[in-house]
Amino acid sequence: MIHDDQFRFDVNLNTGKESGQVFLFDHIAGPKVRCALDVVGTGLNADGNPTFTYTGSCTFRGQEP
């Protein structure tokens, strides 16, 4: 399990375009994984919550001492 250590989202108030970055580096449990993702808003779901697509990469880290 990892959670977002750092993130940034930008919204263009004229166009409504949303984009951002998410960095998942804080390991809580399970395999040690680090992810860096670029996200782009794709609209709202039926409940009115924002939806996004993402690209990026995740890497597994070796065991830490």
# chains A, B, ... in the order shown; residues from 1 in each chain; ligands from 1

call {"tool": "residues_around", "arguments": {"residues": "A:Gln21", "least_positions_apart": "4", "cutoff": "9 Å", "atoms": "only C-alpha atoms", "output": "ChimeraX atom specification"}}
result
/A:6-9,36-40,54

call {"tool": "closest_residue", "arguments": {"among": "A:Leu44, A:Thr59, A:Thr51, A:Asp10", "to": "A:Phe23", "atoms": "only C-alpha atoms"}}
result
A:Thr59

call {"tool": "atom_distance", "arguments": {"atom1": "atom CA of A:Ala29", "atom2": "atom CA of A:Thr55"}}
result
23.4 Å

call {"tool": "select_by_dssp", "arguments": {"residues": "chain A", "states": "strand (DSSP E)", "output": "PDB file with C-alpha atoms, in the first residue's frame"}}
result
ATOM      1  CA  ILE A   2       1.298   3.449  -0.933  1.00  0.00           C
ATOM      2  CA  HIS A   3      -0.247   6.875  -0.681  1.00  0.00           C
ATOM      3  CA  GLN A   6       3.066  14.953  -3.225  1.00  0.00           C
ATOM      4  CA  PHE A   7       0.612  16.089  -5.847  1.00  0.00           C
ATOM      5  CA  ARG A   8      -0.242  19.116  -7.916  1.00  0.00           C
ATOM      6  CA  PHE A   9      -3.345  19.815  -9.975  1.00  0.00           C
ATOM      7  CA  ASP A  10      -3.946  22.802 -12.206  1.00  0.00           C
ATOM      8  CA  VAL A  11      -7.321  23.904 -13.564  1.00  0.00           C
ATOM      9  CA  GLU A  18      -7.472  19.856 -15.593  1.00  0.00           C
ATOM     10  CA  SER A  19      -3.998  18.349 -15.372  1.00  0.00           C
ATOM     11  CA  GLY A  20      -1.495  17.456 -12.731  1.00  0.00           C
ATOM     12  CA  GLN A  21       1.097  15.147 -11.298  1.00  0.00           C
ATOM     13  CA  VAL A  22       0.943  12.584  -8.489  1.00  0.00           C
ATOM     14  CA  PHE A  23       3.960  11.081  -6.750  1.00  0.00           C
ATOM     15  CA  LEU A  24       3.327   7.874  -4.827  1.00  0.00           C
ATOM     16  CA  ASP A  26       5.397   6.786   0.747  1.00  0.00           C
ATOM     17  CA  HIS A  27       5.383   3.028   1.337  1.00  0.00           C
ATOM     18  CA  VAL A  33       6.862   0.681  -5.013  1.00  0.00           C
ATOM     19  CA  ARG A  34       7.418   4.241  -6.229  1.00  0.00           C
ATOM     20  CA  CYS A  35       5.159   5.815  -8.863  1.00  0.00           C
ATOM     21  CA  ALA A  36       5.280   9.113 -10.749  1.00  0.00           C
ATOM     22  CA  LEU A  37       2.083   9.817 -12.706  1.00  0.00           C
ATOM     23  CA  ASP A  38       0.851  12.547 -15.043  1.00  0.00           C
ATOM     24  CA  VAL A  39      -2.932  12.969 -14.887  1.00  0.00           C
ATOM     25  CA  VAL A  40      -5.429  14.654 -17.217  1.00  0.00           C
ATOM     26  CA  GLY A  41      -9.047  15.373 -16.292  1.00  0.00           C
ATOM     27  CA  THR A  42     -11.709  13.594 -18.368  1.00  0.00           C
ATOM     28  CA  GLY A  43     -14.882  15.102 -16.896  1.00  0.00           C
ATOM     29  CA  LEU A  44     -17.248  14.114 -14.094  1.00  0.00           C
ATOM     30  CA  PRO A  50     -13.877  14.334 -11.283  1.00  0.00           C
ATOM     31  CA  THR A  51     -12.380  11.526 -13.369  1.00  0.00           C
ATOM     32  CA  PHE A  52      -8.852  11.325 -14.789  1.00  0.00           C
ATOM     33  CA  THR A  53      -6.649   9.321 -17.100  1.00  0.00           C
ATOM     34  CA  TYR A  54      -3.028   8.837 -16.176  1.00  0.00           C
ATOM     35  CA  THR A  55       0.334   7.846 -17.613  1.00  0.00           C
ATOM     36  CA  GLY A  56       3.615   7.283 -15.876  1.00  0.00           C
ATOM     37  CA  SER A  57       5.713   4.608 -14.353  1.00  0.00           C
ATOM     38  CA  CYS A  58       6.076   2.607 -11.179  1.00  0.00           C
ATOM     39  CA  THR A  59       9.242   0.900 -10.033  1.00  0.00           C
ATOM     40  CA  PHE A  60       9.746  -1.776  -7.422  1.00  0.00           C
TER      41      PHE A  60
END
